[in-house]
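Structure first, commentary second.
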Amino acid sequence: MGSWRLGAFDRLVWQRLLAATTLGLVGFLLNLAPIPLFSNIQLVLGNIVIVICASRLGLGWVLWCAFLAISGLYLAWGHPVGYLLFGLEALCITLMRRRGWYLLYADLAYWLVLGMPLTAWAVNALVDLPPEYTPFTVLKQGFNGLLYCSAASLLLMLSPRGWLRTLRQQPILVRNFRQKLSHAVFALMILALFISLLAYTGHLMRIQQNLLHERLTETGERIALQYERYFQQHVDVVTVAGEWLPTTASAQRARLSQLHARNPGFITMLVTDNEGDVLAAAPGALFDGTRKLSVASRAYFRQVMATGTPYVSGVLQGRGFGQDPIVAISAPWFDHQGQIGGIIEGSLDVKRLLELNDINPAVHLVVIDDREHVVTASEQTGFAPLSDWRVNIMREGSDEQIGLLSLGVAAAPVADYFQHSVTLDNDWQLYILIPYRPFAQRAERQFLWGLGLLSLALLISVFLAQRLSRYLTWPLELLAKEVAQTGDGHTVMRALPRGAATEILLLRDQLAHQRNAIMQHQDELEGQVAARTQELALANKKLARLALRDGLTGAYNRRHFNQTFDSARQYSLRSHTPLVLALLDIDHFKAINDSHGHLVGDDCLKGLVRVIGEHFSRQNDLLVRYGGEEFLLLLPQLPYASAREQLDALRLKVAATPLTTTEQGLDLLVTISIGAIVASGHFSDEPKDWLNAADKLLYQAKSEGRDSLCIQDCTFELSGI
Ligand SMILES: Nc1nc2c(ncn2[C@@H]2O[C@H](COP(=O)(O)OP(=O)(O)OP(=O)(O)O)[C@@H](O)[C@H]2O)c(=O)[nH]1
């Protein structure tokens, strides 16, 4: 028996382990890929399994299931904050469910009291997110919790009855209709409204992103074209100038000044000989020709001298005439023999690139050269020319999607940008950047408005559910009260409120009908019971009479005498009056029976009783049939003289009265013998003493020849004592 119990216990543990693990693994897989909303905001759905587990199993299993499911999030997010947030959620809702809370309400309470403040703390302390993301992330997390909780609640409502019943460790929730309806509507509305909100916000996001994408692409192409033209134009200027440059120094200075004045994009310009020594420079003030200045080591000199073709450098810091970041454009010039006489170089001001276009100030530009050095960048990006282009590309742009990057520059006030890059002809990259934050803020605003409306719709729905349930339950409660009052004297059922559902009105009519039928039936039953009771009372009365009277003559029987004798004696004692006890016997009755038959004998006995009854008719006179034809008279308050007189008169009366008629129709006359004592109550409290005394006197009367009275006054003897 013990081992069987252990076996059953083990099986249950294994089944619970299996259920919690399976649910946990499903949650793990779902959580590996949280649904992206926008930016780094994601929708977590795998935690649905934690709620399902908490509805059935105990704390240990739920925490195990939660651990598995949250591990999926850990892998997806790369930080362990989920263990804290959702682990605590699992703990709280399991404990509250055990205390009889609906899971959804428990979850709502958790997020309001603990979950959202904890999220706010975690976002700031543990996760590398800008602080402006906090309120939105916190709210989103709270509603996310409610979303998977309501999804789980609805799944549980729709699950087959008795699902996971054998494993159940949580109590069954007993609720009234109003509570059940409100809960179901609450769960349904959260799910429906939240999904609509997500779909709607997602749709708006996509539209906005598409517009943005078009804008970025179009702006990129336009600006790239401008830049390429700008560069080409300056390369052409330098190249053509090289081809047509005069060979004398003074003419070169004049031409250079002229070129510089016409092309303000060049900060400086210079002309060198084929040794790299500067011959002329513009502006003229920079170089008067008195000192020797060589650029022989510069790439823009050496490249041109080596190839004989124009050259465009990467971005570099000016050294000769200034410290500005520049792009050096150089080309050869030729002497009269057609030999390379040196180079002409223009230092292009890269800052002017930004002034070329009239684009929206919200759009920022960055140009990087082929060595990933920043050529020029909008001030807001925080990148200085010549700095390294170090960014975190969060998402590469494609035809469908806008790229996202995060600037790794501490000075940048805005970290994240939508980005679009175009490769220029010279292999440089032009980055068009639009700050991400305003866009996200707009999305957040839309989302928050949606959440506000959702909350309002939720409140209205729950209120409506309450009203709806009241519409059904209130008349039912009234009806139940009415039915309960049946039997308290209420015979008519009161009308229900006019707005009650027709089904309930029908039910009320049926109940009223049934109740009337029952009451009618009850009346009938009560009538029948009353009749039966009356009959029973009569029968009892008859029985009582039969129990005390002789069946043949109707005179009292011995039992009655035994019951009443003492009270007659007591009365005699109290009232100091005499009590007479007389025994009467029909003379030769056997002979009557023998001669006329027993029926005539019976009639004779009845006739005798009738005559005696008429003679002693006082209320307290008692006639008892004492034996076969022997009768007893108990006569209270009768003094000796009267007793003697009346008994003797009886004797004479019997003798003179025909008691019955014979078969031949002749009157039957009989005589009686009487033995009687007259005594007070003191005579004896034993009836047999009285009877013996009377019997002796009867015997004496018989002995004296019958038809006689022997009476003895015992009152004197006793009073003498
Ligand atoms: N018909 C009829 N006879 C009864 C009834 N009870 C007793 N008897 C008869 O009454 C008779 C009594 O007879 P006995 O006691 O010998 O006395 P007796 O014949 O009256 O003679 P004495 O008393 O000596 O005058 C018996 O024959 C009984 O059968 C009864 O209820 N009906």
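Going by the structure tokens order, chains are called A, B, ..., each with residues numbered from 1, while ligands are numbered from 1 in the order shown.
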Practice prompt. Tell me which protein, DNA and RNA residues are within 12 Å of Arg442 (chain A), counting only C-alpha atoms, leaving out same-chain ones fewer than 2 positions away, and put them as a list in words.
Written response: Phe38, Phe136, Thr201, Leu204, Met205, Gln208, Gln209, Tyr436, Arg437, Pro438, Phe439, Ala440, Glu444, Arg445, Gln446, Phe447, Leu448 and Trp449 of chain A
Worksheet entry | region 333-383 of chain A: residues DSSP assigns to alpha helix (DSSP H), reported as a ChimeraX atom specification | /A:352-355
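The spacing separating CA of Glu89 (chain A) from CA of Asp107 (chain A) amounts to 7.2 Å.
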Please report, as CSV, each residue of chain A lying at most 7 Å from ligand 1, together with the nearest pair of atoms and the separation in Å rounded to one decimal; use only C-alpha atoms and all ligand atoms, and order rows by chain and ascending residue number.
```
residue,atom,partner,partner_atom_place_in_ligand_line,distance
A:Asp585,CA,ligand 1,23 (O),6.3
A:Ile586,CA,ligand 1,20 (O),5.5
A:Asp587,CA,ligand 1,25 (O),3.5
A:His588,CA,ligand 1,20 (O),3.4
A:Phe589,CA,ligand 1,20 (O),3.6
A:Lys590,CA,ligand 1,27 (O),3.5
A:Ala591,CA,ligand 1,19 (O),5.6
A:Asn593,CA,ligand 1,1 (N),5.2
A:Gly597,CA,ligand 1,1 (N),6.8
A:His598,CA,ligand 1,1 (N),3.6
A:Leu599,CA,ligand 1,1 (N),5.8
A:Val600,CA,ligand 1,1 (N),6.5
A:Gly601,CA,ligand 1,1 (N),3.4
A:Asp602,CA,ligand 1,1 (N),4.5
A:Gly628,CA,ligand 1,6 (N),3.4
A:Glu629,CA,ligand 1,6 (N),5.2
A:Lys702,CA,ligand 1,24 (O),6.8
A:Arg706,CA,ligand 1,25 (O),7.0
```
Writer output for current selection, all heavy atoms, as a tab-separated table (two decimals), in the first residue's frame:
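Written file, result-v9.tsv:
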```
chain	number	residue	atom	x	y	z
A	585	ASP	N	-76.18	-9.42	41.74
A	585	ASP	CA	-76.06	-10.65	40.96
A	585	ASP	C	-77.47	-11.13	40.60
A	585	ASP	O	-78.37	-11.16	41.43
A	585	ASP	CB	-75.34	-11.71	41.81
A	585	ASP	CG	-74.94	-12.94	41.01
A	585	ASP	OD1	-75.83	-13.77	40.73
A	585	ASP	OD2	-73.75	-13.02	40.63
A	586	ILE	N	-77.66	-11.49	39.31
A	586	ILE	CA	-78.99	-11.98	38.88
A	586	ILE	C	-79.17	-13.39	39.45
A	586	ILE	O	-78.27	-14.22	39.34
A	586	ILE	CB	-79.10	-12.00	37.35
A	586	ILE	CG1	-78.88	-10.59	36.79
A	586	ILE	CG2	-80.46	-12.54	36.90
A	586	ILE	CD1	-78.86	-10.50	35.28
A	587	ASP	N	-80.30	-13.59	39.98
A	587	ASP	CA	-80.55	-14.90	40.59
A	587	ASP	C	-80.84	-15.93	39.51
A	587	ASP	O	-81.57	-15.65	38.54
A	587	ASP	CB	-81.75	-14.80	41.56
A	587	ASP	CG	-81.46	-13.81	42.70
A	587	ASP	OD1	-80.26	-13.67	43.07
A	587	ASP	OD2	-82.41	-13.13	43.14
A	588	HIS	N	-80.24	-17.06	39.69
A	588	HIS	CA	-80.43	-18.23	38.79
A	588	HIS	C	-80.29	-17.84	37.33
A	588	HIS	O	-81.09	-18.24	36.47
A	588	HIS	CB	-81.84	-18.85	39.02
A	588	HIS	CG	-82.08	-19.27	40.45
A	588	HIS	ND1	-81.26	-20.18	41.14
A	588	HIS	CD2	-83.03	-18.88	41.37
A	588	HIS	CE1	-81.69	-20.32	42.38
A	588	HIS	NE2	-82.77	-19.51	42.58
A	589	PHE	N	-79.32	-17.13	37.05
A	589	PHE	CA	-79.13	-16.70	35.65
A	589	PHE	C	-78.77	-17.86	34.74
A	589	PHE	O	-79.12	-17.89	33.57
A	589	PHE	CB	-78.02	-15.61	35.63
A	589	PHE	CG	-77.90	-14.95	34.30
A	589	PHE	CD1	-78.97	-14.23	33.75
A	589	PHE	CD2	-76.73	-15.05	33.54
A	589	PHE	CE1	-78.84	-13.63	32.52
A	589	PHE	CE2	-76.61	-14.45	32.30
A	589	PHE	CZ	-77.68	-13.73	31.79
A	590	LYS	N	-78.09	-18.84	35.32
A	590	LYS	CA	-77.71	-20.02	34.53
A	590	LYS	C	-78.96	-20.68	33.95
A	590	LYS	O	-79.01	-21.06	32.79
A	590	LYS	CB	-76.94	-20.98	35.44
A	590	LYS	CG	-76.36	-22.18	34.74
A	590	LYS	CD	-75.48	-23.00	35.68
A	590	LYS	CE	-74.88	-24.23	35.02
A	590	LYS	NZ	-75.75	-24.99	34.24
A	591	ALA	N	-79.99	-20.69	34.80
A	591	ALA	CA	-81.23	-21.34	34.37
A	591	ALA	C	-81.86	-20.57	33.21
A	591	ALA	O	-82.42	-21.16	32.28
A	591	ALA	CB	-82.19	-21.40	35.58
A	593	ASN	N	-80.24	-18.80	30.96
A	593	ASN	CA	-79.44	-19.17	29.78
A	593	ASN	C	-79.85	-20.53	29.26
A	593	ASN	O	-80.02	-20.71	28.04
A	593	ASN	CB	-77.95	-19.20	30.13
A	593	ASN	CG	-77.28	-17.84	29.98
A	593	ASN	OD1	-77.77	-17.01	29.20
A	593	ASN	ND2	-76.22	-17.61	30.72
A	597	GLY	N	-81.68	-19.64	26.18
A	597	GLY	CA	-80.51	-19.41	25.30
A	597	GLY	C	-79.72	-18.18	25.73
A	597	GLY	O	-80.21	-17.31	26.45
A	598	HIS	N	-78.48	-18.14	25.28
A	598	HIS	CA	-77.55	-17.08	25.69
A	598	HIS	C	-77.94	-15.71	25.16
A	598	HIS	O	-77.68	-14.70	25.81
A	598	HIS	CB	-76.12	-17.42	25.25
A	598	HIS	CG	-75.37	-18.20	26.28
A	598	HIS	ND1	-75.55	-19.58	26.48
A	598	HIS	CD2	-74.46	-17.80	27.22
A	598	HIS	CE1	-74.78	-19.97	27.47
A	598	HIS	NE2	-74.09	-18.92	27.95
A	599	LEU	N	-78.60	-15.69	23.99
A	599	LEU	CA	-78.97	-14.38	23.42
A	599	LEU	C	-79.98	-13.68	24.31
A	599	LEU	O	-79.87	-12.47	24.58
A	599	LEU	CB	-79.54	-14.54	22.01
A	599	LEU	CG	-78.49	-14.90	20.95
A	599	LEU	CD1	-79.15	-15.09	19.59
A	599	LEU	CD2	-77.45	-13.78	20.86
A	600	VAL	N	-80.91	-14.48	24.75
A	600	VAL	CA	-81.90	-13.91	25.67
A	600	VAL	C	-81.21	-13.49	26.97
A	600	VAL	O	-81.49	-12.43	27.54
A	600	VAL	CB	-83.04	-14.94	25.95
A	600	VAL	CG1	-84.01	-14.43	27.02
A	600	VAL	CG2	-83.81	-15.22	24.67
A	601	GLY	N	-80.21	-14.35	27.40
A	601	GLY	CA	-79.43	-14.01	28.59
A	601	GLY	C	-78.74	-12.67	28.41
A	601	GLY	O	-78.75	-11.82	29.30
A	602	ASP	N	-78.15	-12.51	27.19
A	602	ASP	CA	-77.45	-11.23	26.91
A	602	ASP	C	-78.42	-10.06	26.99
A	602	ASP	O	-78.13	-9.02	27.59
A	602	ASP	CB	-76.82	-11.27	25.51
A	602	ASP	CG	-75.58	-12.15	25.47
A	602	ASP	OD1	-75.12	-12.57	26.56
A	602	ASP	OD2	-75.06	-12.39	24.36
A	628	GLY	N	-69.53	-12.15	35.02
A	628	GLY	CA	-70.49	-12.53	33.99
A	628	GLY	C	-71.83	-11.83	34.15
A	628	GLY	O	-72.18	-10.95	33.38
A	629	GLU	N	-72.55	-12.20	35.25
A	629	GLU	CA	-73.85	-11.56	35.46
A	629	GLU	C	-73.81	-10.80	36.75
A	629	GLU	O	-74.80	-10.50	37.37
A	629	GLU	CB	-74.97	-12.59	35.40
A	629	GLU	CG	-75.27	-13.62	36.44
A	629	GLU	CD	-74.28	-14.16	37.42
A	629	GLU	OE1	-73.04	-14.00	37.22
A	629	GLU	OE2	-74.74	-14.72	38.40
A	702	LYS	N	-77.69	-14.12	48.98
A	702	LYS	CA	-78.02	-15.33	48.22
A	702	LYS	C	-78.49	-16.41	49.19
A	702	LYS	O	-79.47	-17.13	48.96
A	702	LYS	CB	-76.79	-15.83	47.44
A	702	LYS	CG	-76.38	-14.96	46.27
A	702	LYS	CD	-77.18	-15.28	45.02
A	702	LYS	CE	-76.66	-14.41	43.87
A	702	LYS	NZ	-77.50	-14.55	42.69
A	706	ARG	N	-82.15	-15.29	48.18
A	706	ARG	CA	-82.06	-14.47	46.96
A	706	ARG	C	-83.13	-13.39	46.94
A	706	ARG	O	-83.91	-13.30	47.86
A	706	ARG	CB	-82.12	-15.33	45.70
A	706	ARG	CG	-80.92	-16.30	45.61
A	706	ARG	CD	-80.95	-17.13	44.37
A	706	ARG	NE	-79.70	-17.90	44.25
A	706	ARG	CZ	-79.43	-19.03	44.89
A	706	ARG	NH1	-80.33	-19.58	45.70
A	706	ARG	NH2	-78.26	-19.64	44.74
```
Could you give me, as a Markdown table, a per-residue list for region 27-107 of chain A showing, wherever an atom lies at most 7 Å from an atom of region 13-22 of chain A, the closest pair of atoms and their distance in Å to one decimal, using only C-alpha atoms and sorting by chain then residue number from low to high?
```
| residue | atom | partner | partner_atom | distance |
| --- | --- | --- | --- | --- |
| A:Cys53 | CA | A:Ala20 | CA | 6.6 |
| A:Trp61 | CA | A:Ala20 | CA | 5.8 |
| A:Val62 | CA | A:Ala20 | CA | 6.8 |
| A:Trp64 | CA | A:Ala20 | CA | 7.0 |
| A:Cys65 | CA | A:Ala20 | CA | 5.1 |
```
Item to complete: Point out the residue among A:Val240, A:Ile340, A:Val185, A:Ile50 with the least atom-to-atom distance to Phe463 (chain A), counting only C-alpha atoms.
Response: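 Checking each of A:Val240, A:Ile340, A:Val185, A:Ile50 against Phe463 (chain A), counting only C-alpha atoms, the winner is A:Val185.
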Practice prompt. Excluding Leu709 (chain A) and any residue of its chain fewer than 5 positions from it, enumerate the residues within 8 Å of it, using only C-alpha atoms, and give them as a list of chain:residue names.
Written response: A:Leu647, A:Asp648, A:Arg651, A:Ser673, A:Ile674, A:Gly675, A:Ala676, A:Leu698, A:Ala701
Write the residues of the preceding selection, restricted to N, CA, C and O atoms, as a JSON list (two decimals), in the first residue's frame.
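New file again-v3.json:
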```
[["chain", "number", "residue", "atom", "x", "y", "z"],
["A", 647, "LEU", "N", -81.27, 1.04, 47.12],
["A", 647, "LEU", "CA", -80.89, -0.28, 46.61],
["A", 647, "LEU", "C", -82.08, -1.24, 46.67],
["A", 647, "LEU", "O", -82.31, -2.04, 45.75],
["A", 648, "ASP", "N", -82.79, -1.11, 47.74],
["A", 648, "ASP", "CA", -83.95, -1.99, 47.85],
["A", 648, "ASP", "C", -84.99, -1.64, 46.79],
["A", 648, "ASP", "O", -85.63, -2.53, 46.21],
["A", 651, "ARG", "N", -83.92, -3.22, 43.71],
["A", 651, "ARG", "CA", -84.24, -4.66, 43.72],
["A", 651, "ARG", "C", -85.70, -4.87, 43.31],
["A", 651, "ARG", "O", -86.01, -5.69, 42.45],
["A", 673, "SER", "N", -79.94, -10.21, 43.68],
["A", 673, "SER", "CA", -79.50, -10.17, 45.08],
["A", 673, "SER", "C", -78.43, -9.10, 45.17],
["A", 673, "SER", "O", -77.62, -8.93, 44.25],
["A", 674, "ILE", "N", -78.44, -8.35, 46.32],
["A", 674, "ILE", "CA", -77.48, -7.25, 46.46],
["A", 674, "ILE", "C", -76.78, -7.37, 47.80],
["A", 674, "ILE", "O", -77.41, -7.59, 48.85],
["A", 675, "GLY", "N", -75.42, -7.23, 47.72],
["A", 675, "GLY", "CA", -74.63, -7.10, 48.96],
["A", 675, "GLY", "C", -73.93, -5.77, 48.92],
["A", 675, "GLY", "O", -73.27, -5.47, 47.94],
["A", 676, "ALA", "N", -74.12, -4.95, 49.99],
["A", 676, "ALA", "CA", -73.55, -3.60, 49.90],
["A", 676, "ALA", "C", -72.97, -3.16, 51.23],
["A", 676, "ALA", "O", -73.49, -3.53, 52.29],
["A", 698, "LEU", "N", -73.24, -10.14, 49.71],
["A", 698, "LEU", "CA", -73.99, -10.71, 48.59],
["A", 698, "LEU", "C", -74.25, -12.19, 48.84],
["A", 698, "LEU", "O", -75.37, -12.71, 48.61],
["A", 701, "ALA", "N", -76.89, -12.50, 51.08],
["A", 701, "ALA", "CA", -78.20, -12.26, 50.45],
["A", 701, "ALA", "C", -78.66, -13.49, 49.68],
["A", 701, "ALA", "O", -79.84, -13.85, 49.68]]
```
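The residue set within 9 Å of Ser461 (chain A), counting only C-alpha atoms and dropping same-chain residues fewer than 6 places from it, reads Ser182, Val185, Phe186 and Met189 of chain A.
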Item to complete: Give the answer as one residue: which of A:Trp111, A:Tyr200, A:Tyr571, A:Tyr626 has the shortest atom-to-atom distance to His682 (chain A), using only C-alpha atoms?
Response: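 Closest to His682 (chain A) of all the choices is A:Tyr571.
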Discussion item. Report as a list in words all protein, DNA and RNA residues lying within 9 Å of Ile612 (chain A), evaluated on only C-alpha atoms, omitting residues in the same chain fewer than 5 positions from it.
Written reply: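 Returned residues: Gly607, Ser617, Leu623, Leu650 and Val654 of chain A.
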What would the file look like if the residues just selected were written as a CSV table (one decimal), in the first residue's frame with all heavy atoms?
```
chain,number,residue,atom,x,y,z
A,607,GLY,N,-80.8,-5.3,29.6
A,607,GLY,CA,-82.0,-4.8,30.2
A,607,GLY,C,-81.7,-4.4,31.6
A,607,GLY,O,-82.1,-3.3,32.1
A,617,SER,N,-78.9,7.6,38.4
A,617,SER,CA,-78.6,8.4,37.3
A,617,SER,C,-77.7,9.6,37.6
A,617,SER,O,-77.5,10.5,36.8
A,617,SER,CB,-79.9,8.9,36.6
A,617,SER,OG,-80.6,9.6,37.5
A,623,LEU,N,-71.6,2.4,37.5
A,623,LEU,CA,-72.1,1.0,37.3
A,623,LEU,C,-71.0,0.2,36.5
A,623,LEU,O,-70.6,0.6,35.4
A,623,LEU,CB,-73.4,1.0,36.5
A,623,LEU,CG,-73.9,-0.4,36.2
A,623,LEU,CD1,-74.2,-1.2,37.4
A,623,LEU,CD2,-75.2,-0.3,35.3
A,650,LEU,N,-84.3,-0.5,44.0
A,650,LEU,CA,-83.8,-1.1,42.7
A,650,LEU,C,-84.2,-2.5,42.6
A,650,LEU,O,-84.6,-3.0,41.5
A,650,LEU,CB,-82.3,-0.9,42.7
A,650,LEU,CG,-81.6,-1.6,41.5
A,650,LEU,CD1,-82.0,-0.8,40.2
A,650,LEU,CD2,-80.1,-1.5,41.6
A,654,VAL,N,-86.3,-4.0,39.6
A,654,VAL,CA,-85.8,-5.0,38.6
A,654,VAL,C,-86.8,-6.2,38.6
A,654,VAL,O,-87.2,-6.7,37.5
A,654,VAL,CB,-84.4,-5.5,39.1
A,654,VAL,CG1,-84.0,-6.7,38.3
A,654,VAL,CG2,-83.4,-4.4,38.8
```
